[in-house]
Each structure stands twice: as C-alpha cells, then as structure tokens.
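Trainee: Contents of work-v6.pdb (PDB, N, CA and C atoms) are given next:
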ATOM      1  N   MET W   1      25.925 -19.574  37.650
ATOM      2  CA  MET W   1      24.549 -19.158  37.613
ATOM      3  C   MET W   1      24.471 -17.705  38.085
ATOM      4  N   TYR W   2      23.501 -16.995  37.530
ATOM      5  CA  TYR W   2      23.346 -15.575  37.818
ATOM      6  C   TYR W   2      21.901 -15.260  38.160
ATOM      7  N   LEU W   3      21.714 -14.240  38.988
ATOM      8  CA  LEU W   3      20.401 -13.827  39.439
ATOM      9  C   LEU W   3      20.228 -12.347  39.153
ATOM     10  N   LEU W   4      19.097 -11.966  38.622
ATOM     11  CA  LEU W   4      18.777 -10.570  38.348
ATOM     12  C   LEU W   4      17.964 -10.043  39.523
ATOM     13  N   THR W   5      18.436  -8.975  40.163
ATOM     14  CA  THR W   5      17.749  -8.367  41.289
ATOM     15  C   THR W   5      17.281  -6.985  40.876
ATOM     16  N   VAL W   6      15.973  -6.729  41.027
ATOM     17  CA  VAL W   6      15.384  -5.440  40.664
ATOM     18  C   VAL W   6      14.753  -4.849  41.907
ATOM     19  N   LYS W   7      15.178  -3.639  42.272
ATOM     20  CA  LYS W   7      14.608  -2.935  43.423
ATOM     21  C   LYS W   7      13.776  -1.781  42.883
ATOM     22  N   ASP W   8      12.495  -1.803  43.196
ATOM     23  CA  ASP W   8      11.554  -0.791  42.728
ATOM     24  C   ASP W   8      10.831  -0.238  43.945
ATOM     25  N   GLY W   9      11.329   0.882  44.476
ATOM     26  CA  GLY W   9      10.759   1.427  45.704
ATOM     27  C   GLY W   9      11.081   0.503  46.861
ATOM     28  N   LEU W  10      10.038   0.031  47.556
ATOM     29  CA  LEU W  10      10.237  -0.862  48.696
ATOM     30  C   LEU W  10      10.188  -2.333  48.308
ATOM     31  N   VAL W  11       9.950  -2.606  47.041
ATOM     32  CA  VAL W  11       9.814  -3.978  46.561
ATOM     33  C   VAL W  11      11.105  -4.431  45.890
ATOM     34  N   THR W  12      11.593  -5.606  46.278
ATOM     35  CA  THR W  12      12.767  -6.204  45.650
ATOM     36  C   THR W  12      12.345  -7.516  45.009
ATOM     37  N   ARG W  13      12.649  -7.662  43.722
ATOM     38  CA  ARG W  13      12.329  -8.882  42.984
ATOM     39  C   ARG W  13      13.618  -9.580  42.586
ATOM     40  N   HIS W  14      13.624 -10.904  42.733
ATOM     41  CA  HIS W  14      14.755 -11.734  42.316
ATOM     42  C   HIS W  14      14.267 -12.605  41.168
ATOM     43  N   VAL W  15      14.912 -12.488  40.011
ATOM     44  CA  VAL W  15      14.488 -13.210  38.815
ATOM     45  C   VAL W  15      15.655 -14.074  38.342
ATOM     46  N   GLY W  16      15.369 -15.287  37.981
ATOM     47  CA  GLY W  16      16.413 -16.172  37.479
ATOM     48  C   GLY W  16      16.225 -17.552  38.047
ATOM     49  N   PRO W  17      17.198 -18.378  38.003
ATOM     50  CA  PRO W  17      18.602 -18.143  37.641
ATOM     51  C   PRO W  17      18.831 -18.179  36.131
ATOM     52  N   TYR W  18      19.929 -17.580  35.733
ATOM     53  CA  TYR W  18      20.367 -17.542  34.341
ATOM     54  C   TYR W  18      21.744 -18.190  34.241
ATOM     55  N   LEU W  19      22.033 -18.778  33.091
ATOM     56  CA  LEU W  19      23.334 -19.433  32.914
ATOM     57  C   LEU W  19      24.478 -18.433  32.770
ATOM     58  N   THR W  20      24.210 -17.299  32.115
ATOM     59  CA  THR W  20      25.262 -16.300  31.887
ATOM     60  C   THR W  20      24.709 -14.909  32.190
ATOM     61  N   PRO W  21      25.578 -13.929  32.436
ATOM     62  CA  PRO W  21      25.102 -12.560  32.635
ATOM     63  C   PRO W  21      24.390 -12.016  31.386
ATOM     64  N   LYS W  22      24.800 -12.497  30.212
ATOM     65  CA  LYS W  22      24.146 -12.054  28.974
ATOM     66  C   LYS W  22      22.683 -12.476  28.942
ATOM     67  N   HIS W  23      22.388 -13.693  29.394
ATOM     68  CA  HIS W  23      20.996 -14.139  29.445
ATOM     69  C   HIS W  23      20.186 -13.251  30.389
ATOM     70  N   ALA W  24      20.772 -12.877  31.521
ATOM     71  CA  ALA W  24      20.078 -12.001  32.470
ATOM     72  C   ALA W  24      19.835 -10.630  31.864
ATOM     73  N   SER W  25      20.836 -10.076  31.192
ATOM     74  CA  SER W  25      20.669  -8.747  30.597
ATOM     75  C   SER W  25      19.678  -8.789  29.419
ATOM     76  N   ASP W  26      19.623  -9.907  28.699
ATOM     77  CA  ASP W  26      18.649 -10.049  27.616
ATOM     78  C   ASP W  26      17.215 -10.033  28.163
ATOM     79  N   ASP W  27      17.021 -10.557  29.357
ATOM     80  CA  ASP W  27      15.699 -10.620  29.976
ATOM     81  C   ASP W  27      15.347  -9.330  30.732
ATOM     82  N   LEU W  28      16.301  -8.435  30.829
ATOM     83  CA  LEU W  28      16.121  -7.217  31.619
ATOM     84  C   LEU W  28      14.974  -6.348  31.105
ATOM     85  N   ASP W  29      14.849  -6.179  29.795
ATOM     86  CA  ASP W  29      13.766  -5.355  29.235
ATOM     87  C   ASP W  29      12.395  -5.896  29.613
ATOM     88  N   ARG W  30      12.248  -7.210  29.571
ATOM     89  CA  ARG W  30      10.965  -7.817  29.930
ATOM     90  C   ARG W  30      10.641  -7.563  31.396
ATOM     91  N   VAL W  31      11.633  -7.730  32.261
ATOM     92  CA  VAL W  31      11.408  -7.547  33.695
ATOM     93  C   VAL W  31      11.139  -6.074  34.014
ATOM     94  N   LEU W  32      11.906  -5.172  33.425
ATOM     95  CA  LEU W  32      11.735  -3.742  33.714
ATOM     96  C   LEU W  32      10.443  -3.171  33.148
ATOM     97  N   SER W  33       9.829  -3.847  32.191
ATOM     98  CA  SER W  33       8.576  -3.342  31.617
ATOM     99  C   SER W  33       7.453  -3.309  32.654
ATOM    100  N   SER W  34       7.570  -4.119  33.708
ATOM    101  CA  SER W  34       6.551  -4.139  34.759
ATOM    102  C   SER W  34       6.958  -3.313  35.973
ATOM    103  N   CYS W  35       8.029  -2.527  35.846
ATOM    104  CA  CYS W  35       8.526  -1.718  36.956
ATOM    105  C   CYS W  35       8.390  -0.231  36.632
ATOM    106  N   SER W  36       8.576   0.604  37.654
ATOM    107  CA  SER W  36       8.540   2.046  37.434
ATOM    108  C   SER W  36       9.838   2.501  36.769
ATOM    109  N   ASP W  37       9.866   3.765  36.354
ATOM    110  CA  ASP W  37      11.055   4.312  35.690
ATOM    111  C   ASP W  37      12.242   4.443  36.641
ATOM    112  N   ARG W  38      11.980   4.437  37.928
ATOM    113  CA  ARG W  38      13.049   4.629  38.919
ATOM    114  C   ARG W  38      13.640   3.313  39.428
ATOM    115  N   ALA W  39      13.244   2.207  38.874
ATOM    116  CA  ALA W  39      13.724   0.896  39.333
ATOM    117  C   ALA W  39      15.230   0.761  39.104
ATOM    118  N   ARG W  40      15.899   0.142  40.059
ATOM    119  CA  ARG W  40      17.340  -0.140  39.978
ATOM    120  C   ARG W  40      17.524  -1.642  39.850
ATOM    121  N   TRP W  41      18.578  -2.053  39.154
ATOM    122  CA  TRP W  41      18.796  -3.481  38.945
ATOM    123  C   TRP W  41      20.268  -3.824  39.087
ATOM    124  N   GLN W  42      20.541  -5.102  39.384
ATOM    125  CA  GLN W  42      21.900  -5.658  39.477
ATOM    126  C   GLN W  42      21.844  -7.114  39.036
ATOM    127  N   ILE W  43      22.963  -7.582  38.519
ATOM    128  CA  ILE W  43      23.110  -9.001  38.188
ATOM    129  C   ILE W  43      24.146  -9.570  39.160
ATOM    130  N   HIS W  44      23.748 -10.605  39.893
ATOM    131  CA  HIS W  44      24.619 -11.217  40.902
ATOM    132  C   HIS W  44      25.034 -12.616  40.473
ATOM    133  N   ALA W  45      26.290 -12.949  40.729
ATOM    134  CA  ALA W  45      26.760 -14.324  40.507
ATOM    135  C   ALA W  45      26.413 -15.151  41.742
ATOM    136  N   LEU W  46      25.839 -16.321  41.531
ATOM    137  CA  LEU W  46      25.493 -17.206  42.635
ATOM    138  C   LEU W  46      26.655 -18.134  42.938
ATOM    139  N   GLU W  47      26.837 -18.466  44.213
ATOM    140  CA  GLU W  47      27.872 -19.427  44.597
ATOM    141  C   GLU W  47      27.408 -20.823  44.219
ATOM    142  N   SER W  48      28.344 -21.634  43.835
ATOM    143  CA  SER W  48      27.981 -23.024  43.571
ATOM    144  C   SER W  48      27.767 -23.732  44.911
ATOM    145  N   PRO W  49      26.919 -24.756  44.951
ATOM    146  CA  PRO W  49      26.644 -25.430  46.223
ATOM    147  C   PRO W  49      27.880 -26.046  46.864
ATOM    148  N   GLY W  50      28.921 -26.313  46.078
ATOM    149  CA  GLY W  50      30.132 -26.907  46.624
ATOM    150  C   GLY W  50      30.974 -25.929  47.434
ATOM    151  N   GLN W  51      30.732 -24.644  47.269
ATOM    152  CA  GLN W  51      31.503 -23.641  47.994
ATOM    153  C   GLN W  51      30.776 -23.273  49.276
ATOM    154  N   ARG W  52      31.531 -23.183  50.367
ATOM    155  CA  ARG W  52      30.936 -22.760  51.624
ATOM    156  C   ARG W  52      31.115 -21.260  51.773
ATOM    157  N   SER W  53      30.190 -20.622  52.448
ATOM    158  CA  SER W  53      30.274 -19.189  52.672
ATOM    159  C   SER W  53      31.379 -18.893  53.684
ATOM    160  N   PHE W  54      31.747 -17.629  53.784
ATOM    161  CA  PHE W  54      32.774 -17.214  54.737
ATOM    162  C   PHE W  54      32.356 -17.580  56.161
ATOM    163  N   ALA W  55      31.090 -17.340  56.503
ATOM    164  CA  ALA W  55      30.599 -17.642  57.849
ATOM    165  C   ALA W  55      30.685 -19.143  58.136
ATOM    166  N   GLU W  56      30.358 -19.980  57.154
ATOM    167  CA  GLU W  56      30.441 -21.427  57.347
ATOM    168  C   GLU W  56      31.883 -21.869  57.563
ATOM    169  N   ARG W  57      32.820 -21.280  56.813
ATOM    170  CA  ARG W  57      34.235 -21.630  56.993
ATOM    171  C   ARG W  57      34.729 -21.201  58.370
ATOM    172  N   MET W  58      34.309 -20.028  58.831
ATOM    173  CA  MET W  58      34.734 -19.554  60.143
ATOM    174  C   MET W  58      34.150 -20.421  61.259
ATOM    175  N   ASN W  59      32.887 -20.827  61.129
ATOM    176  CA  ASN W  59      32.269 -21.697  62.125
ATOM    177  C   ASN W  59      32.972 -23.046  62.185
ATOM    178  N   ALA W  60      33.368 -23.576  61.044
ATOM    179  CA  ALA W  60      34.081 -24.855  61.015
ATOM    180  C   ALA W  60      35.436 -24.726  61.703
ATOM    181  N   LYS W  61      36.111 -23.592  61.481
ATOM    182  CA  LYS W  61      37.414 -23.361  62.114
ATOM    183  C   LYS W  61      37.261 -23.271  63.631
ATOM    184  N   VAL W  62      36.227 -22.573  64.113
ATOM    185  CA  VAL W  62      35.986 -22.436  65.543
ATOM    186  C   VAL W  62      35.638 -23.796  66.137
ATOM    187  N   ASP W  63      34.802 -24.572  65.452
ATOM    188  CA  ASP W  63      34.424 -25.889  65.951
ATOM    189  C   ASP W  63      35.644 -26.794  66.085
ATOM    190  N   GLN W  64      36.584 -26.726  65.144
ATOM    191  CA  GLN W  64      37.785 -27.565  65.191
ATOM    192  C   GLN W  64      38.709 -27.139  66.326
ATOM    193  N   SER W  65      38.816 -25.838  66.571
ATOM    194  CA  SER W  65      39.754 -25.373  67.590
ATOM    195  C   SER W  65      39.239 -25.587  69.000
ATOM    196  N   PHE W  66      37.914 -25.762  69.171
ATOM    197  CA  PHE W  66      37.349 -25.964  70.495
ATOM    198  C   PHE W  66      36.741 -27.338  70.654
ATOM    199  N   ALA W  67      37.232 -28.299  69.915
ATOM    200  CA  ALA W  67      36.701 -29.652  70.008
ATOM    201  C   ALA W  67      37.076 -30.250  71.367
ATOM    202  N   VAL W  68      36.078 -30.786  72.053
ATOM    203  CA  VAL W  68      36.297 -31.385  73.357
ATOM    204  C   VAL W  68      36.595 -32.861  73.156
ATOM    205  N   LYS W  69      37.665 -33.320  73.801
ATOM    206  CA  LYS W  69      38.041 -34.727  73.675
ATOM    207  C   LYS W  69      38.045 -35.364  75.058
ATOM    208  N   ALA W  70      37.509 -36.556  75.137
ATOM    209  CA  ALA W  70      37.474 -37.277  76.423
ATOM    210  C   ALA W  70      38.857 -37.854  76.692
ATOM    211  N   SER W  71      39.194 -37.890  77.971
ATOM    212  CA  SER W  71      40.506 -38.452  78.333
ATOM    213  C   SER W  71      40.375 -39.827  78.909
TER
END
Could the structure of this file be written out as structure tokens, please?
Mentor:
Amino acid sequence: MYLLTVKDGLVTRHVGPYLTPKHASDDLDRVLSSCSDRARWQIHALESPGQRSFAERMNAKVDQSFAVKAS
C-alpha cells in the first residue's frame, strides 16, 4: 500500500491508500489541482501490519533482556 503526501506551505495532506505507486501518481494531478504551484509531494510505501517498527523490535529486545523472574 502507498500513501501520497503533499506539503503545501504549512499544510500537509495525506491522500490514499493506493495499491501501487502508479495509482498514486495517476491521482497526483487531481490532488495538486487544489494546491499552490509551490506544493511538494512524495509517495510513501506503508508497512504491512505484520511488520513491527524498529522501535517496537528494540523495545521487545529490551523487555526480554530485563525480564524479572521469581526464585
């Protein structure tokens, strides 16, 4: 899944999700028509829900290494 991010001055818009980057780029003209000429855009790939972020993996590692066990 992909997300189209458009930054126009101080406003950031997130549009999507799209199945492919091509779908996002096809929709780009429609989205940019409501923005100023100076708007910047990017297409981002979204992580699947099955993948954990780097921070989540690090927290899990810390939790495992400091697990308290009763004697």
Trainee: Assuming the chain letters and numbering stay as they are in my file, what does the PyMOL selection byres ((chain W and resi 44) around 7) actually select? List them as a list in words.
Mentor: Met1, Tyr2, Leu3, Leu4, Thr5, Gln42, Ile43, Ala45 and Leu46 of chain W
Trainee: Quick one, how far is atom C of Phe54 (chain W) from atom C of Gly9 (chain W)?
Mentor: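 Computed distance, atom C of Phe54 (chain W) to atom C of Gly9 (chain W), equals 29.4 Å.
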Trainee: Which distance in Å separates CA of Leu32 (chain W) and CA of Val11 (chain W), to one decimal?
Mentor: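 Interatomic distance, CA of Leu32 (chain W) to CA of Val11 (chain W): 13.0 Å.
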Trainee: Between CA of Asp8 (chain W) and atom N of Ser36 (chain W), what distance in Å does the model show, to one decimal?
Mentor: 6.0 Å
Trainee: Could you please write out, as a PDB file with N, CA and C atoms, keeping the file's coordinate frame, every residue of chain W that DSSP assigns to strand (DSSP E or B)?
Mentor:
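Listing of selection.pdb after writing:
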ATOM      1  N   TYR W   2      23.501 -16.995  37.530  1.00  0.00           N
ATOM      2  CA  TYR W   2      23.346 -15.575  37.818  1.00  0.00           C
ATOM      3  C   TYR W   2      21.901 -15.260  38.160  1.00  0.00           C
ATOM      4  N   LEU W   3      21.714 -14.240  38.988  1.00  0.00           N
ATOM      5  CA  LEU W   3      20.401 -13.827  39.439  1.00  0.00           C
ATOM      6  C   LEU W   3      20.228 -12.347  39.153  1.00  0.00           C
ATOM      7  N   LEU W   4      19.097 -11.966  38.622  1.00  0.00           N
ATOM      8  CA  LEU W   4      18.777 -10.570  38.348  1.00  0.00           C
ATOM      9  C   LEU W   4      17.964 -10.043  39.523  1.00  0.00           C
ATOM     10  N   THR W   5      18.436  -8.975  40.163  1.00  0.00           N
ATOM     11  CA  THR W   5      17.749  -8.367  41.289  1.00  0.00           C
ATOM     12  C   THR W   5      17.281  -6.985  40.876  1.00  0.00           C
ATOM     13  N   VAL W   6      15.973  -6.729  41.027  1.00  0.00           N
ATOM     14  CA  VAL W   6      15.384  -5.440  40.664  1.00  0.00           C
ATOM     15  C   VAL W   6      14.753  -4.849  41.907  1.00  0.00           C
ATOM     16  N   LYS W   7      15.178  -3.639  42.272  1.00  0.00           N
ATOM     17  CA  LYS W   7      14.608  -2.935  43.423  1.00  0.00           C
ATOM     18  C   LYS W   7      13.776  -1.781  42.883  1.00  0.00           C
ATOM     19  N   ASP W   8      12.495  -1.803  43.196  1.00  0.00           N
ATOM     20  CA  ASP W   8      11.554  -0.791  42.728  1.00  0.00           C
ATOM     21  C   ASP W   8      10.831  -0.238  43.945  1.00  0.00           C
ATOM     22  N   VAL W  11       9.950  -2.606  47.041  1.00  0.00           N
ATOM     23  CA  VAL W  11       9.814  -3.978  46.561  1.00  0.00           C
ATOM     24  C   VAL W  11      11.105  -4.431  45.890  1.00  0.00           C
ATOM     25  N   THR W  12      11.593  -5.606  46.278  1.00  0.00           N
ATOM     26  CA  THR W  12      12.767  -6.204  45.650  1.00  0.00           C
ATOM     27  C   THR W  12      12.345  -7.516  45.009  1.00  0.00           C
ATOM     28  N   ARG W  13      12.649  -7.662  43.722  1.00  0.00           N
ATOM     29  CA  ARG W  13      12.329  -8.882  42.984  1.00  0.00           C
ATOM     30  C   ARG W  13      13.618  -9.580  42.586  1.00  0.00           C
ATOM     31  N   HIS W  14      13.624 -10.904  42.733  1.00  0.00           N
ATOM     32  CA  HIS W  14      14.755 -11.734  42.316  1.00  0.00           C
ATOM     33  C   HIS W  14      14.267 -12.605  41.168  1.00  0.00           C
ATOM     34  N   VAL W  15      14.912 -12.488  40.011  1.00  0.00           N
ATOM     35  CA  VAL W  15      14.488 -13.210  38.815  1.00  0.00           C
ATOM     36  C   VAL W  15      15.655 -14.074  38.342  1.00  0.00           C
ATOM     37  N   GLY W  16      15.369 -15.287  37.981  1.00  0.00           N
ATOM     38  CA  GLY W  16      16.413 -16.172  37.479  1.00  0.00           C
ATOM     39  C   GLY W  16      16.225 -17.552  38.047  1.00  0.00           C
ATOM     40  N   PRO W  17      17.198 -18.378  38.003  1.00  0.00           N
ATOM     41  CA  PRO W  17      18.602 -18.143  37.641  1.00  0.00           C
ATOM     42  C   PRO W  17      18.831 -18.179  36.131  1.00  0.00           C
ATOM     43  N   TYR W  18      19.929 -17.580  35.733  1.00  0.00           N
ATOM     44  CA  TYR W  18      20.367 -17.542  34.341  1.00  0.00           C
ATOM     45  C   TYR W  18      21.744 -18.190  34.241  1.00  0.00           C
ATOM     46  N   ARG W  40      15.899   0.142  40.059  1.00  0.00           N
ATOM     47  CA  ARG W  40      17.340  -0.140  39.978  1.00  0.00           C
ATOM     48  C   ARG W  40      17.524  -1.642  39.850  1.00  0.00           C
ATOM     49  N   TRP W  41      18.578  -2.053  39.154  1.00  0.00           N
ATOM     50  CA  TRP W  41      18.796  -3.481  38.945  1.00  0.00           C
ATOM     51  C   TRP W  41      20.268  -3.824  39.087  1.00  0.00           C
ATOM     52  N   GLN W  42      20.541  -5.102  39.384  1.00  0.00           N
ATOM     53  CA  GLN W  42      21.900  -5.658  39.477  1.00  0.00           C
ATOM     54  C   GLN W  42      21.844  -7.114  39.036  1.00  0.00           C
ATOM     55  N   ILE W  43      22.963  -7.582  38.519  1.00  0.00           N
ATOM     56  CA  ILE W  43      23.110  -9.001  38.188  1.00  0.00           C
ATOM     57  C   ILE W  43      24.146  -9.570  39.160  1.00  0.00           C
ATOM     58  N   HIS W  44      23.748 -10.605  39.893  1.00  0.00           N
ATOM     59  CA  HIS W  44      24.619 -11.217  40.902  1.00  0.00           C
ATOM     60  C   HIS W  44      25.034 -12.616  40.473  1.00  0.00           C
ATOM     61  N   ALA W  45      26.290 -12.949  40.729  1.00  0.00           N
ATOM     62  CA  ALA W  45      26.760 -14.324  40.507  1.00  0.00           C
ATOM     63  C   ALA W  45      26.413 -15.151  41.742  1.00  0.00           C
TER      64      ALA W  45
END
Trainee: Near region 25-29 of chain W, within 12 Å and counting only C-alpha atoms, which residues show up once chain neighbours fewer than 2 positions away are dropped, as a list in words?
Mentor: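 Here the answer would be Tyr2, Leu3, Leu4, Thr5, Val6, His14, Val15, Gly16, Pro17, Tyr18, Leu19, Thr20, Pro21, Lys22, His23, Val31, Leu32, Ser33, Ser34, Cys35, Asp37, Ala39, Arg40, Trp41, Gln42, Ile43 and His44 of chain W.
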Trainee: So which bits of chain W end up alpha helix (DSSP H) when you DSSP the backbone, as a PyMOL selection string?
Mentor: chain W and resi 21-32+54-65
